[in-house]
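**Student:** Structure file upload_4.tsv (TSV, C-alpha atoms) is given on the next line.
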chain	number	residue	atom	x	y	z
A	1	MET	CA	-12.11	-120.78	58.01
A	2	PRO	CA	-10.67	-117.23	57.92
A	3	ALA	CA	-10.89	-115.38	61.21
A	4	ASP	CA	-13.07	-112.28	61.57
A	5	LEU	CA	-11.71	-111.21	64.97
A	6	ALA	CA	-8.31	-111.12	66.61
A	7	VAL	CA	-8.17	-111.01	70.40
A	8	ILE	CA	-4.72	-109.85	71.48
A	9	GLY	CA	-4.06	-110.85	75.07
A	10	LEU	CA	-5.46	-114.14	76.37
A	11	GLY	CA	-5.81	-113.43	80.06
A	12	PRO	CA	-8.80	-112.46	82.22
A	13	TYR	CA	-10.11	-109.95	79.66
A	14	GLY	CA	-9.25	-111.59	76.36
A	15	LEU	CA	-10.41	-115.16	76.93
A	16	PRO	CA	-13.97	-114.24	78.00
A	17	LEU	CA	-14.25	-111.96	74.94
A	18	ALA	CA	-13.02	-114.72	72.64
A	19	GLN	CA	-15.44	-117.14	74.26
A	20	ALA	CA	-18.37	-114.76	73.71
A	21	ALA	CA	-17.31	-114.20	70.11
A	22	VAL	CA	-17.13	-117.85	69.10
A	23	THR	CA	-20.40	-118.49	70.92
A	24	ALA	CA	-21.92	-115.81	68.69
A	25	GLY	CA	-20.49	-117.56	65.62
A	26	ILE	CA	-17.55	-115.22	64.99
A	27	PRO	CA	-14.38	-117.05	63.86
A	28	THR	CA	-11.68	-115.80	66.23
A	29	ILE	CA	-7.93	-116.01	66.57
A	30	GLY	CA	-6.17	-115.44	69.87
A	31	TYR	CA	-2.72	-113.93	70.14
A	32	ALA	CA	-0.98	-114.07	73.54
A	33	THR	CA	0.98	-111.06	74.79
A	34	GLY	CA	2.74	-112.91	77.59
A	35	PRO	CA	2.23	-115.52	80.29
A	36	GLU	CA	-1.34	-114.80	81.29
A	37	ALA	CA	-3.61	-116.54	83.78
A	38	GLY	CA	-7.03	-117.01	82.25
A	39	SER	CA	-10.29	-117.80	84.01
A	40	LEU	CA	-11.59	-120.56	81.71
A	41	SER	CA	-11.43	-124.26	82.44
A	42	PRO	CA	-9.72	-126.73	80.09
A	43	ALA	CA	-13.18	-128.00	79.08
A	44	GLU	CA	-14.29	-124.49	78.15
A	45	LEU	CA	-11.12	-123.96	76.11
A	46	ARG	CA	-11.74	-127.23	74.25
A	47	ARG	CA	-15.29	-126.14	73.43
A	48	MET	CA	-13.98	-122.82	72.13
A	49	ARG	CA	-11.53	-124.58	69.83
A	50	SER	CA	-14.30	-126.75	68.44
A	51	THR	CA	-16.51	-123.73	67.67
A	52	GLY	CA	-14.15	-121.37	65.88
A	53	PHE	CA	-11.36	-120.27	68.22
A	54	ARG	CA	-7.77	-120.68	67.08
A	55	PRO	CA	-4.71	-119.59	69.07
A	56	CYS	CA	-1.95	-118.26	66.82
A	57	THR	CA	1.66	-117.16	67.14
A	58	ASP	CA	2.11	-115.70	63.65
A	59	PRO	CA	1.67	-111.88	63.76
A	60	ALA	CA	0.83	-111.86	60.03
A	61	GLN	CA	-2.56	-113.36	60.85
A	62	LEU	CA	-3.47	-110.18	62.75
A	63	GLY	CA	-3.62	-108.36	59.42
A	64	ARG	CA	-6.36	-110.62	58.05
A	65	VAL	CA	-9.19	-109.68	60.38
A	66	ARG	CA	-11.80	-106.94	60.33
A	67	THR	CA	-11.65	-106.30	64.08
A	68	ALA	CA	-8.71	-106.47	66.48
A	69	VAL	CA	-9.28	-106.08	70.23
A	70	ILE	CA	-6.32	-105.50	72.57
A	71	CYS	CA	-6.99	-107.12	75.94
A	72	ALA	CA	-3.48	-107.14	77.39
A	73	PRO	CA	-3.24	-106.92	81.20
A	74	THR	CA	-2.13	-103.69	82.86
A	75	PRO	CA	-0.99	-104.65	86.37
A	76	ARG	CA	0.10	-102.10	88.91
A	77	GLY	CA	3.83	-101.44	88.66
A	78	ALA	CA	6.32	-100.82	91.47
A	79	ASP	CA	5.49	-97.09	91.32
A	80	GLY	CA	1.76	-97.75	91.75
A	81	GLU	CA	0.97	-96.81	88.15
A	82	LEU	CA	-0.57	-99.11	85.58
A	83	ASP	CA	2.08	-100.99	83.63
A	84	LEU	CA	1.32	-100.54	79.92
A	85	GLY	CA	4.19	-102.74	78.77
A	86	GLN	CA	2.04	-105.53	77.36
A	87	VAL	CA	-0.36	-103.05	75.75
A	88	GLU	CA	2.60	-101.41	74.03
A	89	ALA	CA	3.97	-104.74	72.84
A	90	ALA	CA	0.55	-105.74	71.53
A	91	ALA	CA	0.13	-102.41	69.74
A	92	ARG	CA	3.54	-102.61	68.06
A	93	THR	CA	2.85	-106.15	66.88
A	94	LEU	CA	-0.56	-105.16	65.52
A	95	ALA	CA	0.75	-101.96	63.91
A	96	GLY	CA	3.14	-103.92	61.74
A	97	GLN	CA	0.20	-105.85	60.26
A	98	LEU	CA	-2.56	-103.25	60.34
A	99	ARG	CA	-4.58	-102.82	57.16
A	100	PRO	CA	-6.99	-100.07	56.12
A	101	HIS	CA	-10.61	-100.29	57.33
A	102	THR	CA	-9.70	-102.43	60.36
A	103	THR	CA	-11.47	-101.63	63.63
A	104	VAL	CA	-9.04	-101.53	66.56
A	105	ILE	CA	-10.51	-101.58	70.07
A	106	LEU	CA	-8.72	-101.39	73.40
A	107	GLU	CA	-10.34	-103.23	76.34
A	108	SER	CA	-7.41	-103.23	78.78
A	109	PRO	CA	-7.87	-101.21	81.99
A	110	VAL	CA	-6.25	-97.82	81.37
A	111	LEU	CA	-6.56	-94.25	82.58
A	112	PRO	CA	-8.46	-91.61	80.56
A	113	GLY	CA	-6.40	-90.36	77.64
A	114	THR	CA	-4.43	-93.59	77.09
A	115	THR	CA	-6.13	-94.77	73.90
A	116	GLU	CA	-5.56	-91.50	72.08
A	117	GLY	CA	-2.33	-90.35	73.73
A	118	PHE	CA	-0.51	-93.68	74.02
A	119	LEU	CA	-2.05	-96.29	71.74
A	120	ARG	CA	-2.88	-94.13	68.74
A	121	PRO	CA	0.70	-92.89	68.06
A	122	ILE	CA	2.08	-96.45	68.21
A	123	LEU	CA	-0.48	-97.72	65.73
A	124	GLU	CA	-0.09	-94.79	63.35
A	125	GLN	CA	3.71	-94.73	63.38
A	126	GLY	CA	3.99	-98.49	62.96
A	127	SER	CA	1.42	-98.80	60.18
A	128	GLY	CA	1.65	-95.52	58.30
A	129	LEU	CA	-2.15	-95.31	58.59
A	130	ARG	CA	-4.16	-92.61	60.28
A	131	ALA	CA	-6.72	-93.36	62.98
A	132	GLY	CA	-10.17	-92.06	62.18
A	133	ARG	CA	-9.39	-91.90	58.49
A	134	ASP	CA	-7.73	-95.17	57.48
A	135	PHE	CA	-8.76	-97.35	60.42
A	136	HIS	CA	-11.24	-97.11	63.28
A	137	LEU	CA	-10.06	-96.69	66.87
A	138	ALA	CA	-12.24	-97.14	69.96
A	139	TYR	CA	-12.20	-98.03	73.64
A	140	SER	CA	-14.58	-100.36	75.46
A	141	PRO	CA	-14.09	-101.22	79.14
A	142	SER	CA	-13.97	-104.95	79.77
A	143	ARG	CA	-16.88	-106.14	81.88
A	144	ALA	CA	-15.86	-109.76	82.24
A	145	ASP	CA	-17.03	-111.38	85.47
A	146	PRO	CA	-14.70	-114.35	85.99
A	147	GLY	CA	-16.40	-117.44	87.34
A	148	SER	CA	-19.95	-116.26	86.68
A	149	ARG	CA	-22.37	-118.89	85.45
A	150	ASP	CA	-25.43	-118.52	83.21
A	151	GLN	CA	-25.23	-114.74	83.17
A	152	ALA	CA	-26.47	-112.68	80.24
A	153	PRO	CA	-23.77	-110.62	78.50
A	154	ALA	CA	-23.37	-107.18	80.09
A	155	PRO	CA	-24.14	-104.12	77.94
A	156	LYS	CA	-21.02	-102.83	76.21
A	157	VAL	CA	-19.90	-99.22	76.54
A	158	ILE	CA	-18.07	-97.85	73.50
A	159	GLY	CA	-16.31	-94.59	72.83
A	160	GLY	CA	-14.58	-93.89	69.53
A	161	LEU	CA	-12.04	-91.41	68.26
A	162	THR	CA	-14.68	-90.22	65.80
A	163	PRO	CA	-18.42	-90.90	65.47
A	164	ALA	CA	-17.63	-93.32	62.65
A	165	CYS	CA	-15.17	-95.16	64.92
A	166	THR	CA	-17.86	-95.45	67.58
A	167	GLU	CA	-20.37	-96.86	65.10
A	168	SER	CA	-17.89	-99.38	63.72
A	169	ALA	CA	-17.12	-100.67	67.22
A	170	ALA	CA	-20.84	-100.66	68.06
A	171	ALA	CA	-21.54	-102.82	65.00
A	172	PHE	CA	-19.01	-105.37	66.24
A	173	TYR	CA	-20.25	-105.50	69.84
A	174	GLY	CA	-23.84	-105.60	68.63
A	175	ARG	CA	-23.08	-109.14	67.53
A	176	LEU	CA	-22.22	-110.10	71.13
A	177	THR	CA	-24.79	-108.31	73.27
A	178	ASP	CA	-28.30	-106.95	73.00
A	179	LYS	CA	-27.33	-103.53	74.33
A	180	VAL	CA	-24.56	-101.20	73.23
A	181	VAL	CA	-24.07	-97.90	75.06
A	182	ARG	CA	-22.30	-95.12	73.18
A	183	ALA	CA	-20.08	-92.85	75.24
A	184	ARG	CA	-19.34	-89.32	74.09
A	185	GLY	CA	-15.75	-90.23	73.23
A	186	LEU	CA	-12.63	-92.19	74.12
A	187	ARG	CA	-11.94	-90.48	77.44
A	188	GLU	CA	-15.51	-90.92	78.65
A	189	ALA	CA	-15.42	-94.64	77.88
A	190	GLU	CA	-12.05	-94.98	79.64
A	191	ALA	CA	-13.43	-93.12	82.67
A	192	VAL	CA	-16.34	-95.58	82.86
A	193	ARG	CA	-13.84	-98.33	83.63
A	194	LEU	CA	-12.21	-96.11	86.25
A	195	LEU	CA	-15.53	-95.38	87.95
A	196	GLU	CA	-16.70	-99.00	87.91
A	197	THR	CA	-13.46	-100.35	89.39
A	198	ASN	CA	-13.20	-97.65	92.04
A	199	PHE	CA	-16.89	-98.09	92.95
A	200	ARG	CA	-16.19	-101.72	93.81
A	201	HIS	CA	-13.15	-100.95	95.94
A	202	VAL	CA	-14.70	-98.02	97.80
A	203	ASN	CA	-17.82	-99.98	98.73
A	204	ILE	CA	-15.85	-103.05	99.79
A	205	ALA	CA	-13.77	-100.73	101.96
A	206	LEU	CA	-16.94	-99.44	103.64
A	207	ALA	CA	-18.04	-103.02	104.32
A	208	ASN	CA	-14.60	-103.84	105.71
A	209	GLU	CA	-14.65	-100.80	108.00
A	210	MET	CA	-18.11	-101.84	109.19
A	211	ALA	CA	-16.82	-105.35	109.90
A	212	VAL	CA	-14.13	-104.04	112.23
A	213	VAL	CA	-16.45	-101.61	114.02
A	214	CYS	CA	-19.32	-104.08	114.36
A	215	HIS	CA	-17.02	-106.69	115.85
A	216	GLU	CA	-15.89	-104.19	118.49
A	217	LEU	CA	-19.53	-103.29	119.25
A	218	GLY	CA	-20.71	-106.89	119.38
A	219	VAL	CA	-22.98	-106.38	116.36
A	220	ASP	CA	-23.62	-109.12	113.79
A	221	LEU	CA	-22.68	-107.29	110.57
A	222	TRP	CA	-23.88	-110.15	108.37
A	223	ASP	CA	-27.36	-109.80	109.82
A	224	VAL	CA	-27.15	-106.02	109.31
A	225	ILE	CA	-26.33	-106.54	105.63
A	226	ARG	CA	-29.11	-109.13	105.26
A	227	CYS	CA	-31.63	-106.63	106.54
A	228	ALA	CA	-30.22	-103.60	104.72
A	229	GLU	CA	-30.31	-105.25	101.30
A	230	THR	CA	-34.10	-105.52	101.52
A	231	LYS	CA	-34.22	-101.79	100.82
A	232	PRO	CA	-35.36	-101.51	97.18
A	233	TYR	CA	-33.58	-98.23	96.48
A	234	GLY	CA	-30.42	-96.37	97.43
A	235	PHE	CA	-28.50	-99.42	98.67
A	236	GLN	CA	-26.38	-102.12	97.09
A	237	ALA	CA	-25.00	-104.87	99.28
A	238	PHE	CA	-21.24	-105.32	99.47
A	239	ARG	CA	-19.67	-107.77	101.88
A	240	PRO	CA	-16.40	-107.66	103.82
A	241	GLY	CA	-13.57	-110.11	103.30
A	242	PRO	CA	-9.91	-110.76	104.05
A	243	GLY	CA	-8.79	-108.34	101.33
A	244	VAL	CA	-9.47	-107.39	97.71
A	245	GLY	CA	-7.79	-109.20	94.85
A	246	GLY	CA	-8.41	-109.42	91.15
A	247	HIS	CA	-7.18	-107.66	88.05
A	248	GLY	CA	-9.23	-104.46	88.42
A	249	VAL	CA	-6.68	-102.07	89.93
A	250	PRO	CA	-8.16	-99.01	91.71
A	251	GLN	CA	-6.67	-95.66	90.72
A	252	ASP	CA	-6.86	-92.45	92.72
A	253	LEU	CA	-5.47	-90.33	89.81
A	254	THR	CA	-2.67	-88.90	91.93
A	255	GLY	CA	-0.27	-87.20	89.51
A	256	HIS	CA	-2.86	-87.25	86.72
A	257	ALA	CA	-5.25	-84.57	87.92
A	258	SER	CA	-4.95	-81.49	90.11
A	259	ARG	CA	-7.28	-83.10	92.62
A	260	GLY	CA	-6.98	-86.86	93.05
A	261	LEU	CA	-9.71	-89.22	94.20
A	262	ARG	CA	-9.12	-89.08	97.94
A	263	MET	CA	-11.94	-91.52	98.65
A	264	VAL	CA	-10.18	-94.14	96.49
A	265	GLU	CA	-6.85	-93.56	98.22
A	266	LEU	CA	-8.54	-94.10	101.60
A	267	ALA	CA	-10.33	-97.21	100.32
A	268	GLN	CA	-7.02	-98.72	99.23
A	269	GLN	CA	-5.63	-98.11	102.71
A	270	VAL	CA	-8.65	-99.75	104.36
A	271	ASN	CA	-8.67	-102.77	102.08
A	272	GLY	CA	-4.90	-103.12	102.33
A	273	ARG	CA	-5.17	-103.47	106.11
A	274	MET	CA	-7.61	-106.38	106.01
A	275	PRO	CA	-5.05	-109.23	105.82
A	276	HIS	CA	-3.39	-107.81	108.96
A	277	TYR	CA	-6.79	-107.56	110.67
A	278	VAL	CA	-7.64	-111.17	109.76
A	279	VAL	CA	-4.39	-112.35	111.32
A	280	GLN	CA	-5.11	-110.27	114.43
A	281	ARG	CA	-8.53	-111.91	114.74
A	282	ALA	CA	-6.98	-115.33	114.20
A	283	ALA	CA	-4.39	-114.77	116.92
A	284	ALA	CA	-7.07	-113.48	119.30
A	285	LEU	CA	-9.28	-116.52	118.69
A	286	LEU	CA	-6.39	-118.87	119.37
A	287	ASN	CA	-5.58	-116.97	122.55
A	288	GLU	CA	-9.22	-117.15	123.70
A	289	HIS	CA	-8.99	-120.94	123.37
A	290	GLY	CA	-5.76	-121.20	125.33
A	291	LYS	CA	-3.39	-121.44	122.37
A	292	SER	CA	-0.64	-119.23	121.06
A	293	ALA	CA	-0.18	-118.33	117.42
A	294	ARG	CA	3.42	-119.53	117.76
A	295	GLY	CA	3.39	-123.20	116.94
A	296	ALA	CA	-0.31	-123.24	116.10
A	297	ARG	CA	-1.41	-125.33	113.12
A	298	VAL	CA	-3.38	-123.02	110.81
A	299	LEU	CA	-5.20	-124.28	107.73
A	300	LEU	CA	-6.06	-121.78	104.98
A	301	LEU	CA	-9.01	-122.73	102.79
A	302	GLY	CA	-9.24	-121.15	99.34
A	303	VAL	CA	-6.12	-119.19	98.37
A	304	THR	CA	-7.38	-117.71	95.07
A	305	TYR	CA	-8.70	-114.15	94.80
A	306	LYS	CA	-12.22	-115.29	93.90
A	307	ALA	CA	-14.26	-118.40	94.58
A	308	ASP	CA	-14.23	-121.20	91.98
A	309	LEU	CA	-11.31	-119.76	90.01
A	310	ALA	CA	-7.66	-120.73	89.83
A	311	ASP	CA	-6.60	-117.07	89.54
A	312	GLN	CA	-4.35	-115.82	92.36
A	313	GLN	CA	-3.93	-112.23	91.13
A	314	GLY	CA	-3.79	-109.99	94.20
A	315	THR	CA	-5.09	-112.70	96.55
A	316	PRO	CA	-4.95	-111.64	100.22
A	317	ALA	CA	-4.13	-115.25	101.13
A	318	HIS	CA	-0.45	-114.63	100.40
A	319	GLU	CA	-0.05	-111.79	102.90
A	320	ILE	CA	-2.14	-113.64	105.49
A	321	ALA	CA	0.16	-116.66	105.18
A	322	VAL	CA	3.26	-114.48	105.48
A	323	ARG	CA	1.99	-112.74	108.61
A	324	LEU	CA	1.00	-116.04	110.22
A	325	MET	CA	4.43	-117.49	109.50
A	326	GLU	CA	6.04	-114.40	111.03
A	327	LEU	CA	4.06	-115.13	114.21
A	328	GLY	CA	5.48	-118.64	114.23
A	329	ALA	CA	2.38	-120.50	113.06
A	330	SER	CA	2.63	-123.70	111.02
A	331	VAL	CA	0.61	-122.92	107.87
A	332	SER	CA	-0.96	-125.39	105.44
A	333	TYR	CA	-3.62	-124.89	102.79
A	334	HIS	CA	-6.35	-126.54	100.78
A	335	ASP	CA	-7.67	-125.35	97.45
A	336	PRO	CA	-9.17	-127.60	94.76
A	337	HIS	CA	-7.91	-125.21	92.06
A	338	ILE	CA	-4.31	-124.80	93.25
A	339	PRO	CA	-2.23	-128.00	93.26
A	340	ALA	CA	0.89	-126.27	94.59
A	341	TRP	CA	1.42	-122.96	96.41
A	342	HIS	CA	4.60	-121.12	97.36
A	343	VAL	CA	4.97	-118.35	99.93
A	344	LEU	CA	8.30	-116.60	100.57
A	345	ASP	CA	9.79	-118.92	97.94
A	346	ARG	CA	8.91	-121.94	100.06
A	347	PRO	CA	6.26	-124.57	99.28
A	348	VAL	CA	3.27	-124.50	101.60
A	349	PRO	CA	2.06	-127.98	102.64
A	350	ARG	CA	-1.16	-128.92	100.84
A	351	ALA	CA	-3.84	-130.82	102.74
A	352	ASP	CA	-4.94	-133.92	100.87
A	353	SER	CA	-7.98	-134.65	102.99
A	354	LEU	CA	-9.88	-131.43	103.73
A	355	TYR	CA	-11.92	-132.57	106.73
A	356	GLU	CA	-9.11	-134.53	108.37
A	357	ALA	CA	-6.89	-131.47	108.01
A	358	ALA	CA	-9.56	-129.18	109.49
A	359	ALA	CA	-10.00	-131.55	112.43
A	360	ALA	CA	-6.25	-131.61	113.04
A	361	ALA	CA	-5.69	-127.85	112.71
A	362	ASP	CA	-5.84	-125.57	115.72
A	363	LEU	CA	-7.51	-122.95	113.49
A	364	THR	CA	-9.09	-123.12	110.06
A	365	LEU	CA	-9.36	-119.87	108.11
A	366	LEU	CA	-11.98	-119.86	105.35
A	367	LEU	CA	-10.75	-117.33	102.78
A	368	GLN	CA	-12.64	-118.43	99.66
A	369	PRO	CA	-15.86	-120.50	99.77
A	370	HIS	CA	-15.32	-122.68	96.70
A	371	ARG	CA	-18.56	-124.41	95.81
A	372	THR	CA	-16.96	-127.83	96.35
A	373	TYR	CA	-16.68	-127.10	100.08
A	374	ASP	CA	-19.34	-128.59	102.33
A	375	LEU	CA	-19.61	-125.66	104.72
A	376	GLN	CA	-21.89	-127.45	107.17
A	377	GLY	CA	-19.57	-130.43	107.36
A	378	LEU	CA	-16.55	-128.15	107.61
A	379	SER	CA	-18.02	-126.24	110.54
A	380	VAL	CA	-18.60	-129.53	112.37
A	381	LYS	CA	-15.13	-130.97	111.71
A	382	ALA	CA	-13.00	-127.89	112.39
A	383	GLN	CA	-11.72	-127.36	115.92
A	384	LEU	CA	-11.90	-123.60	115.46
A	385	LEU	CA	-13.19	-121.92	112.30
A	386	LEU	CA	-12.89	-118.26	111.29
A	387	ASP	CA	-15.16	-117.51	108.33
A	388	THR	CA	-13.96	-114.37	106.53
A	389	ARG	CA	-16.80	-114.47	103.98
A	390	GLY	CA	-19.87	-114.92	106.19
A	391	VAL	CA	-21.06	-118.02	104.34
A	392	THR	CA	-21.15	-120.68	107.05
A	393	PRO	CA	-24.43	-121.41	108.88
A	394	THR	CA	-25.25	-118.90	111.60
A	395	GLY	CA	-23.55	-119.83	114.84
A	396	ALA	CA	-21.43	-122.54	113.20
A	397	ALA	CA	-18.23	-120.47	113.06
A	398	HIS	CA	-16.65	-117.22	114.11
A	399	ARG	CA	-17.21	-114.59	111.45
A	400	LEU	CA	-15.08	-111.67	110.41
Using the file provided, produce a representation of the structure as structure tokens.

**Tutor:**
Amino acid sequence: MPADLAVIGLGPYGLPLAQAAVTAGIPTIGYATGPEAGSLSPAELRRMRSTGFRPCTDPAQLGRVRTAVICAPTPRGADGELDLGQVEAAARTLAGQLRPHTTVILESPVLPGTTEGFLRPILEQGSGLRAGRDFHLAYSPSRADPGSRDQAPAPKVIGGLTPACTESAAAFYGRLTDKVVRARGLREAEAVRLLETNFRHVNIALANEMAVVCHELGVDLWDVIRCAETKPYGFQAFRPGPGVGGHGVPQDLTGHASRGLRMVELAQQVNGRMPHYVVQRAAALLNEHGKSARGARVLLLGVTYKADLADQQGTPAHEIAVRLMELGASVSYHDPHIPAWHVLDRPVPRADSLYEAAAAADLTLLLQPHRTYDLQGLSVKAQLLLDTRGVTPTGAAHRL
């Protein structure tokens, strides 16, 4: 069966899009841009293959589709800027195969102006075609929610180079979701992604700041949040944690605008301090129970960035482990999704029996509450439990 869609980039943005497409009956090919960690299980990938998804390595096949969506990752580089290397590679590969009347859509996280100022020249120079005249060009921010179950597809925001580009992209996404939202243009659609990502980080930072302050004041923040979220307007509950991971990189626009987003810069500082704060709390708890961090046996539970995923992108567990090791603690871990874990180029011992390991550890740190964990049983077995997610029964553990 000839493919109708090419998804270029098979990581956290591309695989969910390909899954939604084949579920909607759209024959889809997937073209990898590099070693990418996806969020789908082997069973889900097998179902996709049986319903119209076909991975390919031949660039020529990219020229046989009506729609091509670039979903390459854009991680933060050493300079703090988004690394567009995989987007560029994907664009050059596609440009060599691009045919007239194709709709090209970028879903990768980028800053406003990237689709027109960066992607468009690569596609035009490599294909000899002109965007807006010979092929359609649009941007749509990815709204994939890794690990979500039974959730209706989110509305898709689309901004095109021209009104016709917008409508062509809208026609495609209309096959995947009941609601398509048209932005005024490319930059507006790109800025939607910026606002949504920064909104998450800023509000998590507020929750993290509240966690620190409430602990000092002897206030139960988790009860505060429980009560506050009953307000039907003007409030959305965010919860603190040991740090913020994931693929959505916050951007404060420093160097891109005359006035950067100072709130985002501050949020990054707050969230970046959380692993250090968690280790401070861990050391204090050990001390309160007559033990030193040096030589203490510390078990980390859940070392991925999000519960029920195998994705470790930006996980705070890594820095927490490093800081504990620097204090002289003996660190081990348990995670049903991670069979082996290395920190500082050394393998971290993996606990085979969760509850025996928790009973033997001087301190158990719950970093991700994977649904396979029996939290009640864990709180009974562990000698000392620090819950960084506020999910254990009230009074059963120390909370962040």

**Student:** How many Å lie between atom CA of A:Leu161 and atom CA of A:Ala183, rounded to one decimal?

**Tutor:**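 The value is 10.7 Å.
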
**Student:** Could you check which of A:Gly243, A:Gly390, A:Pro347, A:Gly11 is closest to A:Thr304, using all atoms listed in the file?

**Tutor:**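 Ranking A:Gly243, A:Gly390, A:Pro347, A:Gly11 by distance to A:Thr304, first place goes to A:Gly243.
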
**Student:** Calculated over all atoms listed in the file, which of the candidates A:Glu81, A:Asp4, A:Asp308, A:Asp252 has the smallest distance to A:Arg66?

**Tutor:** A:Asp4

**Student:** Of the candidates A:Thr57, A:Ser379, A:Ser353, A:Ser108, which shows the shortest atom-to-atom distance to A:Glu88, using all atoms listed in the file?

**Tutor:** A:Ser108

**Student:** Which residue gives the smallest distance to A:Ala340 among A:Ala171, A:Ala310, A:Ala138, A:Leu261, with all atoms listed in the file counted?

**Tutor:** A:Ala310

**Student:** Counting all atoms listed in the file, which residue out of A:Val69, A:Gln125, A:Gly132, A:Pro112 sits closest to A:Ala191?

**Tutor:**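 So, comparing all the options, the nearest one is A:Pro112.
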
**Student:** Grab the atom CA of A:Val180 to atom CA of A:Lys156 distance for me, in Å with one decimal place.

**Tutor:**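 These atoms are spaced 4.9 Å apart.
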
**Student:** Return the single residue from A:Leu106, A:Ile122, A:Leu384, A:Ile204 that is closest to A:Ala169, with distances computed using all atoms listed in the file.

**Tutor:** A:Leu106
